[in-house]
>>> print(open('data-v7.cif').read())   # mmCIF, C-alpha atoms
data_coords
#
loop_
_atom_site.group_PDB
_atom_site.id
_atom_site.type_symbol
_atom_site.label_atom_id
_atom_site.label_comp_id
_atom_site.auth_asym_id
_atom_site.auth_seq_id
_atom_site.Cartn_x
_atom_site.Cartn_y
_atom_site.Cartn_z
ATOM 1 C CA MET A 1 294.388 251.071 40.272
ATOM 2 C CA SER A 2 292.163 248.053 40.966
ATOM 3 C CA PHE A 3 289.315 246.448 39.020
ATOM 4 C CA ARG A 4 286.551 244.083 40.064
ATOM 5 C CA LYS A 5 286.970 240.634 38.547
ATOM 6 C CA ARG A 6 283.710 240.042 36.704
ATOM 7 C CA LYS A 7 284.545 236.858 34.818
ATOM 8 C CA GLU A 8 287.172 234.188 34.350
ATOM 9 C CA VAL A 9 289.915 234.699 31.792
ATOM 10 C CA PRO A 10 289.495 231.975 29.138
ATOM 11 C CA ARG A 11 292.241 230.282 27.165
ATOM 12 C CA GLY A 12 291.834 231.569 23.676
ATOM 13 C CA TYR A 13 291.920 234.735 21.599
ATOM 14 C CA LEU A 14 290.777 237.831 23.487
ATOM 15 C CA SER A 15 289.827 241.159 21.919
ATOM 16 C CA TYR A 16 289.115 244.629 23.307
ATOM 17 C CA SER A 17 286.989 247.365 21.808
ATOM 18 C CA ASN A 18 288.917 249.835 19.693
ATOM 19 C CA GLY A 19 286.273 252.514 20.226
ATOM 20 C CA THR A 20 286.820 253.243 23.905
ATOM 21 C CA LEU A 21 289.494 254.727 26.157
ATOM 22 C CA SER A 22 288.531 252.428 29.029
ATOM 23 C CA LEU A 23 291.329 250.647 30.895
ATOM 24 C CA ASP A 24 289.019 247.994 32.360
ATOM 25 C CA PRO A 25 290.960 244.743 31.771
ATOM 26 C CA TYR A 26 287.803 242.613 32.116
ATOM 27 C CA ALA A 27 285.925 244.383 29.319
ATOM 28 C CA PHE A 28 287.095 241.818 26.773
ATOM 29 C CA ARG A 29 285.369 239.290 24.600
ATOM 30 C CA GLU A 30 286.597 235.912 23.498
ATOM 31 C CA ALA A 31 286.951 235.799 19.735
ATOM 32 C CA SER A 32 284.727 233.180 18.135
ATOM 33 C CA SER A 33 285.358 230.988 15.112
ATOM 34 C CA GLY A 34 282.962 232.998 12.956
ATOM 35 C CA ALA A 35 281.242 229.807 11.754
ATOM 36 C CA GLU A 36 277.967 230.645 13.486
ATOM 37 C CA GLN A 37 277.808 234.122 11.956
ATOM 38 C CA ILE A 38 278.629 232.844 8.469
ATOM 39 C CA GLY A 39 275.970 230.138 8.727
ATOM 40 C CA ALA A 40 273.349 232.694 9.752
ATOM 41 C CA ALA A 41 274.417 235.046 6.960
ATOM 42 C CA LEU A 42 273.815 232.319 4.394
ATOM 43 C CA ARG A 43 270.442 231.515 5.948
ATOM 44 C CA PHE A 44 269.124 235.066 6.078
ATOM 45 C CA PHE A 45 270.879 236.517 3.027
ATOM 46 C CA PRO A 46 270.911 233.844 0.307
ATOM 47 C CA ALA A 47 272.452 236.247 -2.214
ATOM 48 C CA VAL A 48 275.830 235.790 -0.496
ATOM 49 C CA GLU A 49 275.645 231.982 -0.524
ATOM 50 C CA GLU A 50 277.271 231.688 -3.949
ATOM 51 C CA VAL A 51 280.280 233.667 -2.711
ATOM 52 C CA PHE A 52 280.853 231.362 0.271
ATOM 53 C CA LYS A 53 280.388 228.241 -1.861
ATOM 54 C CA ASN A 54 283.524 229.286 -3.738
ATOM 55 C CA GLN A 55 285.757 229.590 -0.647
ATOM 56 C CA PRO A 56 286.299 233.358 -0.611
ATOM 57 C CA ILE A 57 289.322 235.102 0.793
ATOM 58 C CA ILE A 58 288.157 237.016 3.871
ATOM 59 C CA ILE A 59 289.891 240.390 4.070
ATOM 60 C CA SER A 60 289.752 242.019 7.496
ATOM 61 C CA CYS A 61 289.991 245.805 7.510
ATOM 62 C CA TYR A 62 289.045 246.075 11.167
ATOM 63 C CA PRO A 63 291.355 247.801 13.672
ATOM 64 C CA SER A 64 290.732 244.930 16.129
ATOM 65 C CA SER A 65 290.505 241.150 15.800
ATOM 66 C CA LEU A 66 287.329 239.665 14.366
ATOM 67 C CA GLY A 67 288.088 236.041 15.211
ATOM 68 C CA MET A 68 289.451 232.953 13.548
ATOM 69 C CA PHE A 69 287.033 232.175 10.664
ATOM 70 C CA GLN A 70 288.149 228.561 10.722
ATOM 71 C CA GLY A 71 288.083 226.828 7.366
ATOM 72 C CA PHE A 72 288.606 230.031 5.386
ATOM 73 C CA THR A 73 291.594 231.946 4.080
ATOM 74 C CA VAL A 74 291.844 235.170 6.090
ATOM 75 C CA VAL A 75 294.064 238.197 5.500
ATOM 76 C CA ASP A 76 294.552 240.879 8.157
ATOM 77 C CA THR A 77 295.280 244.174 6.412
ATOM 78 C CA TYR A 78 296.132 246.275 9.502
ATOM 79 C CA LEU A 79 294.498 249.082 7.473
ATOM 80 C CA ARG A 80 297.502 249.214 5.132
ATOM 81 C CA SER A 81 296.526 250.035 1.547
ATOM 82 C CA ASN A 82 299.305 247.897 0.061
ATOM 83 C CA THR A 83 298.283 244.838 2.099
ATOM 84 C CA PHE A 84 294.612 245.332 1.199
ATOM 85 C CA SER A 85 295.428 245.534 -2.511
ATOM 86 C CA ARG A 86 297.658 242.446 -2.336
ATOM 87 C CA ALA A 87 294.785 240.485 -0.793
ATOM 88 C CA LEU A 88 292.400 241.590 -3.560
ATOM 89 C CA LEU A 89 294.992 240.766 -6.222
ATOM 90 C CA LEU A 90 295.459 237.317 -4.664
ATOM 91 C CA ALA A 91 291.713 236.701 -4.890
ATOM 92 C CA HIS A 92 291.721 237.917 -8.492
ATOM 93 C CA SER A 93 294.716 235.762 -9.446
ATOM 94 C CA GLU A 94 293.209 232.661 -7.823
ATOM 95 C CA LYS A 95 289.792 233.413 -9.369
ATOM 96 C CA LEU A 96 288.212 233.504 -5.918
ATOM 97 C CA PRO A 97 285.607 235.887 -4.524
ATOM 98 C CA ALA A 98 286.425 238.149 -1.578
ATOM 99 C CA VAL A 99 284.628 239.113 1.598
ATOM 100 C CA ILE A 100 285.733 242.516 2.900
ATOM 101 C CA ILE A 101 284.926 243.241 6.538
ATOM 102 C CA GLY A 102 285.601 246.673 7.981
ATOM 103 C CA GLN A 103 284.341 250.054 9.112
ATOM 104 C CA PRO A 104 282.734 252.404 6.565
ATOM 105 C CA LEU A 105 285.284 255.206 6.183
ATOM 106 C CA SER A 106 288.478 253.154 6.336
ATOM 107 C CA THR A 107 287.093 250.462 4.013
ATOM 108 C CA THR A 108 286.055 253.139 1.521
ATOM 109 C CA HIS A 109 289.559 254.624 1.722
ATOM 110 C CA LEU A 110 291.148 251.248 0.936
ATOM 111 C CA CYS A 111 288.738 250.504 -1.917
ATOM 112 C CA LEU A 112 289.212 253.973 -3.394
ATOM 113 C CA ASN A 113 293.010 253.613 -3.307
ATOM 114 C CA HIS A 114 292.765 250.268 -5.117
ATOM 115 C CA PHE A 115 290.367 251.833 -7.639
ATOM 116 C CA THR A 116 292.486 254.925 -8.379
ATOM 117 C CA HIS A 117 295.555 252.752 -8.978
ATOM 118 C CA LYS A 118 293.547 250.816 -11.606
ATOM 119 C CA LEU A 119 294.298 247.430 -10.048
ATOM 120 C CA ASP A 120 292.391 244.220 -10.720
ATOM 121 C CA TRP A 121 289.424 243.141 -8.622
ATOM 122 C CA PRO A 122 287.818 239.754 -7.934
ATOM 123 C CA GLU A 123 284.649 239.180 -9.941
ATOM 124 C CA SER A 124 282.469 238.910 -6.812
ATOM 125 C CA ILE A 125 282.752 240.715 -3.495
ATOM 126 C CA VAL A 126 280.711 240.848 -0.312
ATOM 127 C CA ILE A 127 281.359 243.955 1.772
ATOM 128 C CA ALA A 128 280.262 243.811 5.410
ATOM 129 C CA LEU A 129 280.470 247.139 7.234
ATOM 130 C CA GLY A 130 280.082 247.795 10.943
ATOM 131 C CA GLY A 131 281.388 249.782 13.876
ATOM 132 C CA TYR A 132 279.172 252.816 13.246
ATOM 133 C CA TYR A 133 276.488 254.130 10.918
ATOM 134 C CA CYS A 134 277.117 253.958 7.176
ATOM 135 C CA PRO A 135 275.361 256.808 5.325
ATOM 136 C CA LEU A 136 273.244 255.791 2.360
ATOM 137 C CA SER A 137 275.246 258.260 0.264
ATOM 138 C CA LEU A 138 278.456 256.382 1.143
ATOM 139 C CA GLU A 139 276.895 253.025 0.233
ATOM 140 C CA LYS A 140 275.921 254.514 -3.145
ATOM 141 C CA PHE A 141 279.495 255.762 -3.604
ATOM 142 C CA ILE A 142 280.966 252.325 -2.909
ATOM 143 C CA ARG A 143 278.450 250.760 -5.305
ATOM 144 C CA HIS A 144 279.503 253.322 -7.911
ATOM 145 C CA ILE A 145 283.165 252.289 -7.567
ATOM 146 C CA MET A 146 282.290 248.602 -7.862
ATOM 147 C CA GLY A 147 280.085 249.310 -10.854
ATOM 148 C CA GLN A 148 282.940 251.130 -12.581
ATOM 149 C CA CYS A 149 285.098 248.030 -12.051
ATOM 150 C CA ARG A 150 282.317 245.627 -13.085
ATOM 151 C CA VAL A 151 282.408 243.854 -9.745
ATOM 152 C CA LYS A 152 279.345 241.927 -8.608
ATOM 153 C CA MET A 153 278.856 243.172 -5.059
ATOM 154 C CA GLU A 154 276.587 242.521 -2.100
ATOM 155 C CA MET A 155 276.672 244.869 0.887
ATOM 156 C CA LEU A 156 275.738 243.865 4.417
ATOM 157 C CA PHE A 157 275.894 245.716 7.710
ATOM 158 C CA GLY A 158 277.024 244.180 10.972
ATOM 159 C CA TYR A 159 276.197 245.197 14.513
ATOM 160 C CA GLY A 160 278.120 244.064 17.547
ATOM 161 C CA VAL A 161 279.181 245.076 21.012
ATOM 162 C CA ALA A 162 282.857 244.518 21.731
ATOM 163 C CA GLU A 163 282.143 243.623 25.357
ATOM 164 C CA VAL A 164 279.634 240.950 24.253
ATOM 165 C CA GLU A 165 280.130 239.683 20.679
ATOM 166 C CA PHE A 166 281.461 241.297 17.506
ATOM 167 C CA GLY A 167 278.772 239.693 15.340
ATOM 168 C CA CYS A 168 275.451 240.071 17.136
ATOM 169 C CA MET A 169 273.336 241.096 14.161
ATOM 170 C CA LEU A 170 273.633 241.377 10.412
ATOM 171 C CA GLY A 171 271.465 243.470 8.140
ATOM 172 C CA LYS A 172 270.769 244.776 4.699
ATOM 173 C CA ARG A 173 269.357 248.112 3.635
ATOM 174 C CA ASP A 174 265.687 248.048 2.692
ATOM 175 C CA ARG A 175 265.318 249.568 -0.765
ATOM 176 C CA LYS A 176 261.990 251.250 -0.010
ATOM 177 C CA SER A 177 262.586 252.715 3.458
ATOM 178 C CA THR A 178 266.433 252.917 3.166
ATOM 179 C CA ASP A 179 266.578 251.605 6.763
ATOM 180 C CA VAL A 180 269.032 248.807 7.514
ATOM 181 C CA VAL A 181 266.997 245.828 8.755
ATOM 182 C CA TYR A 182 269.001 243.574 11.079
ATOM 183 C CA ARG A 183 268.610 239.948 12.139
ATOM 184 C CA ILE A 184 270.240 238.201 15.074
ATOM 185 C CA ILE A 185 273.013 235.914 13.811
ATOM 186 C CA SER A 186 274.368 234.571 17.093
ATOM 187 C CA ASP A 187 272.804 231.953 19.365
ATOM 188 C CA THR A 188 275.129 233.025 22.170
ATOM 189 C CA ILE A 189 273.397 236.360 22.849
ATOM 190 C CA ASN A 190 270.097 237.572 24.257
ATOM 191 C CA LEU A 191 268.680 241.021 23.727
ATOM 192 C CA PHE A 192 265.673 243.031 24.738
ATOM 193 C CA VAL A 193 264.272 246.430 23.787
ATOM 194 C CA GLU A 194 262.639 248.633 26.405
ATOM 195 C CA GLU A 195 259.039 249.166 25.338
ATOM 196 C CA ASP A 196 258.833 252.913 25.944
ATOM 197 C CA SER A 197 262.387 254.218 25.542
ATOM 198 C CA LYS A 198 263.427 251.670 22.853
ATOM 199 C CA ARG A 199 266.818 251.339 24.561
ATOM 200 C CA LEU A 200 268.661 248.253 23.286
ATOM 201 C CA HIS A 201 270.244 245.844 25.792
ATOM 202 C CA ILE A 202 272.398 242.803 24.933
ATOM 203 C CA LYS A 203 274.113 240.073 26.924
ATOM 204 C CA ARG A 204 275.747 236.721 26.371
ATOM 205 C CA VAL A 205 273.482 233.855 27.370
ATOM 206 C CA ASP A 206 275.831 232.831 30.190
ATOM 207 C CA ASP A 207 276.140 236.374 31.622
ATOM 208 C CA GLU A 208 273.903 237.572 34.411
ATOM 209 C CA ALA A 209 273.382 241.221 33.516
ATOM 210 C CA PHE A 210 272.341 242.876 30.285
ATOM 211 C CA PHE A 211 274.610 245.521 28.741
ATOM 212 C CA PHE A 212 273.008 248.780 27.549
ATOM 213 C CA THR A 213 274.484 249.348 24.123
ATOM 214 C CA GLY A 214 273.841 253.094 23.995
ATOM 215 C CA ASP A 215 271.681 252.505 20.919
ATOM 216 C CA PHE A 216 267.967 252.127 20.250
ATOM 217 C CA ALA A 217 265.877 249.604 18.339
ATOM 218 C CA GLU A 218 262.458 248.884 16.929
ATOM 219 C CA LYS A 219 261.492 245.212 16.817
ATOM 220 C CA ILE A 220 259.653 243.957 13.750
ATOM 221 C CA SER A 221 257.944 240.559 13.823
ATOM 222 C CA ASP A 222 256.568 238.889 10.708
ATOM 223 C CA SER A 223 256.335 235.482 9.056
ATOM 224 C CA ASN A 224 260.122 235.522 8.528
ATOM 225 C CA GLY A 225 260.818 235.964 12.246
ATOM 226 C CA ASP A 226 262.081 238.913 14.266
ATOM 227 C CA SER A 227 264.167 241.702 12.807
ATOM 228 C CA TYR A 228 265.301 245.079 14.120
ATOM 229 C CA ILE A 229 265.811 248.640 12.927
ATOM 230 C CA LEU A 230 268.553 250.367 14.939
ATOM 231 C CA TRP A 231 269.459 254.000 15.489
ATOM 232 C CA ASN A 232 271.899 256.104 17.528
ATOM 233 C CA ASP A 233 271.268 258.930 19.954
ATOM 234 C CA GLU A 234 272.550 262.475 19.338
ATOM 235 C CA ALA A 235 275.762 261.778 21.262
ATOM 236 C CA ARG A 236 276.823 259.231 18.623
ATOM 237 C CA LEU A 237 275.139 260.530 15.479
ATOM 238 C CA ALA A 238 273.733 264.047 15.465
ATOM 239 C CA LYS A 239 270.759 264.602 13.192
ATOM 240 C CA ALA A 240 272.539 267.552 11.574
ATOM 241 C CA VAL A 241 275.599 265.407 10.800
ATOM 242 C CA LYS A 242 273.506 262.601 9.313
ATOM 243 C CA ARG A 243 271.540 265.120 7.262
ATOM 244 C CA GLU A 244 274.767 266.684 5.948
ATOM 245 C CA LEU A 245 276.389 263.360 5.022
ATOM 246 C CA GLU A 246 273.298 262.201 3.158
ATOM 247 C CA THR A 247 273.546 265.242 0.866
ATOM 248 C CA TRP A 248 276.989 264.201 -0.353
ATOM 249 C CA GLU A 249 277.238 263.041 -3.940
ATOM 250 C CA GLU A 250 279.916 260.820 -5.461
ATOM 251 C CA SER A 251 282.106 263.868 -6.124
ATOM 252 C CA SER A 252 281.926 264.801 -2.417
ATOM 253 C CA TRP A 253 283.101 261.369 -1.251
ATOM 254 C CA MET A 254 285.868 261.418 -3.866
ATOM 255 C CA ARG A 255 287.184 264.606 -2.232
ATOM 256 C CA ARG A 256 286.374 264.080 1.463
ATOM 257 C CA THR A 257 287.261 261.304 3.912
ATOM 258 C CA GLY A 258 284.108 261.587 6.031
ATOM 259 C CA TYR A 259 286.024 262.738 9.103
ATOM 260 C CA LEU A 260 284.636 266.071 10.207
ATOM 261 C CA THR A 261 284.314 268.482 13.102
ATOM 262 C CA PHE A 262 280.793 269.588 13.965
ATOM 263 C CA ASN A 263 279.871 272.701 15.922
ATOM 264 C CA GLY A 264 276.426 272.079 17.411
ATOM 265 C CA ASN A 265 276.037 275.713 18.449
ATOM 266 C CA ASN A 266 275.713 276.960 14.887
ATOM 267 C CA ASP A 267 275.530 273.687 12.906
ATOM 268 C CA SER A 268 278.814 274.455 11.138
ATOM 269 C CA PHE A 269 281.296 271.879 9.826
ATOM 270 C CA ILE A 270 284.972 271.444 9.050
ATOM 271 C CA PHE A 271 285.699 268.601 6.605
ATOM 272 C CA GLN A 272 288.876 266.597 6.090
ATOM 273 C CA LEU A 273 289.934 266.186 2.460
ATOM 274 C CA ARG A 274 291.626 263.139 1.013
ATOM 275 C CA GLU A 275 295.375 263.235 0.478
ATOM 276 C CA GLY A 276 296.404 265.405 -2.449
ATOM 277 C CA ILE A 277 293.062 267.250 -2.675
ATOM 278 C CA ALA A 278 293.082 271.050 -2.287
ATOM 279 C CA PRO A 279 290.291 272.946 -0.464
ATOM 280 C CA ILE A 280 287.711 274.788 -2.558
ATOM 281 C CA THR A 281 285.532 275.986 0.345
ATOM 282 C CA ASN A 282 286.290 277.589 3.706
ATOM 283 C CA ALA A 283 284.896 274.489 5.440
ATOM 284 C CA GLU A 284 287.486 272.140 3.931
ATOM 285 C CA ARG A 285 290.936 271.328 5.302
ATOM 286 C CA GLU A 286 293.838 269.606 3.569
ATOM 287 C CA TYR A 287 294.346 266.048 4.808
ATOM 288 C CA HIS A 288 297.418 266.538 7.015
ATOM 289 C CA CYS A 289 296.328 270.004 8.127
ATOM 290 C CA TYR A 290 293.086 268.537 9.478
ATOM 291 C CA ASN A 291 295.015 265.831 11.319
ATOM 292 C CA GLN A 292 297.196 268.444 12.990
ATOM 293 C CA GLN A 293 294.291 270.667 13.997
ATOM 294 C CA HIS A 294 291.604 268.148 14.913
ATOM 295 C CA GLY A 295 293.150 264.678 14.925
ATOM 296 C CA ALA A 296 291.925 261.783 12.801
ATOM 297 C CA SER A 297 293.080 258.240 12.143
ATOM 298 C CA TRP A 298 291.723 255.485 9.926
ATOM 299 C CA SER A 299 291.779 253.221 12.986
ATOM 300 C CA ASP A 300 289.470 255.587 14.908
ATOM 301 C CA LYS A 301 285.742 256.021 14.565
ATOM 302 C CA PRO A 302 284.617 259.432 13.296
ATOM 303 C CA VAL A 303 283.141 261.842 15.829
ATOM 304 C CA TRP A 304 279.683 262.407 14.372
ATOM 305 C CA GLY A 305 277.808 263.138 17.587
ATOM 306 C CA THR A 306 276.701 266.413 19.129
ATOM 307 C CA PRO A 307 279.585 267.810 21.213
ATOM 308 C CA HIS A 308 279.148 267.475 24.959
ATOM 309 C CA SER A 309 275.993 265.377 24.617
ATOM 310 C CA PRO A 310 275.514 263.370 27.818
ATOM 311 C CA ALA A 311 276.271 259.661 27.529
ATOM 312 C CA LEU A 312 273.315 257.430 28.350
#
>>> encode(input="data-v7.cif", output="structure tokens")
Amino acid sequence: MSFRKRKEVPRGYLSYSNGTLSLDPYAFREASSGAEQIGAALRFFPAVEEVFKNQPIIISCYPSSLGMFQGFTVVDTYLRSNTFSRALLLAHSEKLPAVIIGQPLSTTHLCLNHFTHKLDWPESIVIALGGYYCPLSLEKFIRHIMGQCRVKMEMLFGYGVAEVEFGCMLGKRDRKSTDVVYRIISDTINLFVEEDSKRLHIKRVDDEAFFFTGDFAEKISDSNGDSYILWNDEARLAKAVKRELETWEESSWMRRTGYLTFNGNNDSFIFQLREGIAPITNAEREYHCYNQQHGASWSDKPVWGTPHSPAL
């Protein structure tokens, strides 16, 4: 097996995408310090500035490395509930805020475990979610948990491409449209949106070719600068799946993990339940039973796309 050498291997911390089965050894990115992304976050989202003024503990719930975040205390949880809770308890004990960075379903799982065990929380938390789409219903569920614990919380959404940069854009959900509106937070990337197809392409400034992300974007220009609304194609997020997830109430998310199997031929679903929850409908499967039949892992992205949809 041979691969074309596309770039030099730098001395530093390299990271590969956790969402692909590719064996291409050159499809890596060099982990950054995170300083640029944090600076942009403070500039575009002033509500989080107070948290970073107080030297928060950054808690990584990502299945791959995010970078160094020099100058900050960082805890890697490796998606272990006990480690996640210890990091939150450390922030609480030291009277420090926390910044939780992770993917929607696994981060919700960790927060819910901490909540159900009635453990202490920091007074202020910023949650930054990325990796795939976060349903509005899930955001409401997380806000409900934080409200029950009297935690002051801000929620942001990150967008990145593992082969380019983990933190390309950062956004917040617009209260009126419920769309997440993103802003570019890295000076090391360029992007363009095809006028007709709206296909989104990104590259590092020192790379020659743009990388098609597989996603789509609408550019919005106003007095505050350029921002973007992003969306997936059917292969990544089927309309029927999104529609189903947005109907879930808090009681649904308390019971279900969000991992599901979708049959596009008849729009039917099979849902994974959380550990210890018994099925009450024919569409639900006990946690370990679902894993045996369909496979699911907190380190994997959910399969929410239409089966057999062609990749673009």
>>> resolve_selection(input="data-v7.cif", expression="the PyMOL selection byres ((chain A and resi 289) around 12)", output="MDAnalysis selection string")
chainID A and resid 270:279 284:288 290:296
>>> write_last_selection(input="data-v7.cif", atoms="C-alpha atoms", output="PDB file, keeping the file's coordinate frame")
ATOM      1  CA  ILE A 270     284.972 271.444   9.050  1.00  0.00           C
ATOM      2  CA  PHE A 271     285.699 268.601   6.605  1.00  0.00           C
ATOM      3  CA  GLN A 272     288.876 266.597   6.090  1.00  0.00           C
ATOM      4  CA  LEU A 273     289.934 266.186   2.460  1.00  0.00           C
ATOM      5  CA  ARG A 274     291.626 263.139   1.013  1.00  0.00           C
ATOM      6  CA  GLU A 275     295.375 263.235   0.478  1.00  0.00           C
ATOM      7  CA  GLY A 276     296.404 265.405  -2.449  1.00  0.00           C
ATOM      8  CA  ILE A 277     293.062 267.250  -2.675  1.00  0.00           C
ATOM      9  CA  ALA A 278     293.082 271.050  -2.287  1.00  0.00           C
ATOM     10  CA  PRO A 279     290.291 272.946  -0.464  1.00  0.00           C
ATOM     11  CA  GLU A 284     287.486 272.140   3.931  1.00  0.00           C
ATOM     12  CA  ARG A 285     290.936 271.328   5.302  1.00  0.00           C
ATOM     13  CA  GLU A 286     293.838 269.606   3.569  1.00  0.00           C
ATOM     14  CA  TYR A 287     294.346 266.048   4.808  1.00  0.00           C
ATOM     15  CA  HIS A 288     297.418 266.538   7.015  1.00  0.00           C
ATOM     16  CA  TYR A 290     293.086 268.537   9.478  1.00  0.00           C
ATOM     17  CA  ASN A 291     295.015 265.831  11.319  1.00  0.00           C
ATOM     18  CA  GLN A 292     297.196 268.444  12.990  1.00  0.00           C
ATOM     19  CA  GLN A 293     294.291 270.667  13.997  1.00  0.00           C
ATOM     20  CA  HIS A 294     291.604 268.148  14.913  1.00  0.00           C
ATOM     21  CA  GLY A 295     293.150 264.678  14.925  1.00  0.00           C
ATOM     22  CA  ALA A 296     291.925 261.783  12.801  1.00  0.00           C
TER      23      ALA A 296
END
>>> atom_distance(input="data-v7.cif", atom1="atom CA of Thr108 of chain A", atom2="atom CA of Ile142 of chain A")
6.8 Å
>>> resolve_selection(input="data-v7.cif", expression="the PyMOL selection byres ((chain A and resi 192) around 7)", output="PyMOL selection string")
chain A and resi 191+193-194+200-202
>>> residues_around(input="data-v7.cif", residues="Arg86 of chain A", least_positions_apart="6", cutoff="10 Å", atoms="all atoms listed in the file", output="PyMOL selection string")
chain A and resi 75+77+92+114+119
>>> closest_residue(input="data-v7.cif", among="A:Gly71, A:Gly39, A:Gly214, A:Pro46", to="Gly167 of chain A", atoms="all atoms listed in the file")
A:Gly39
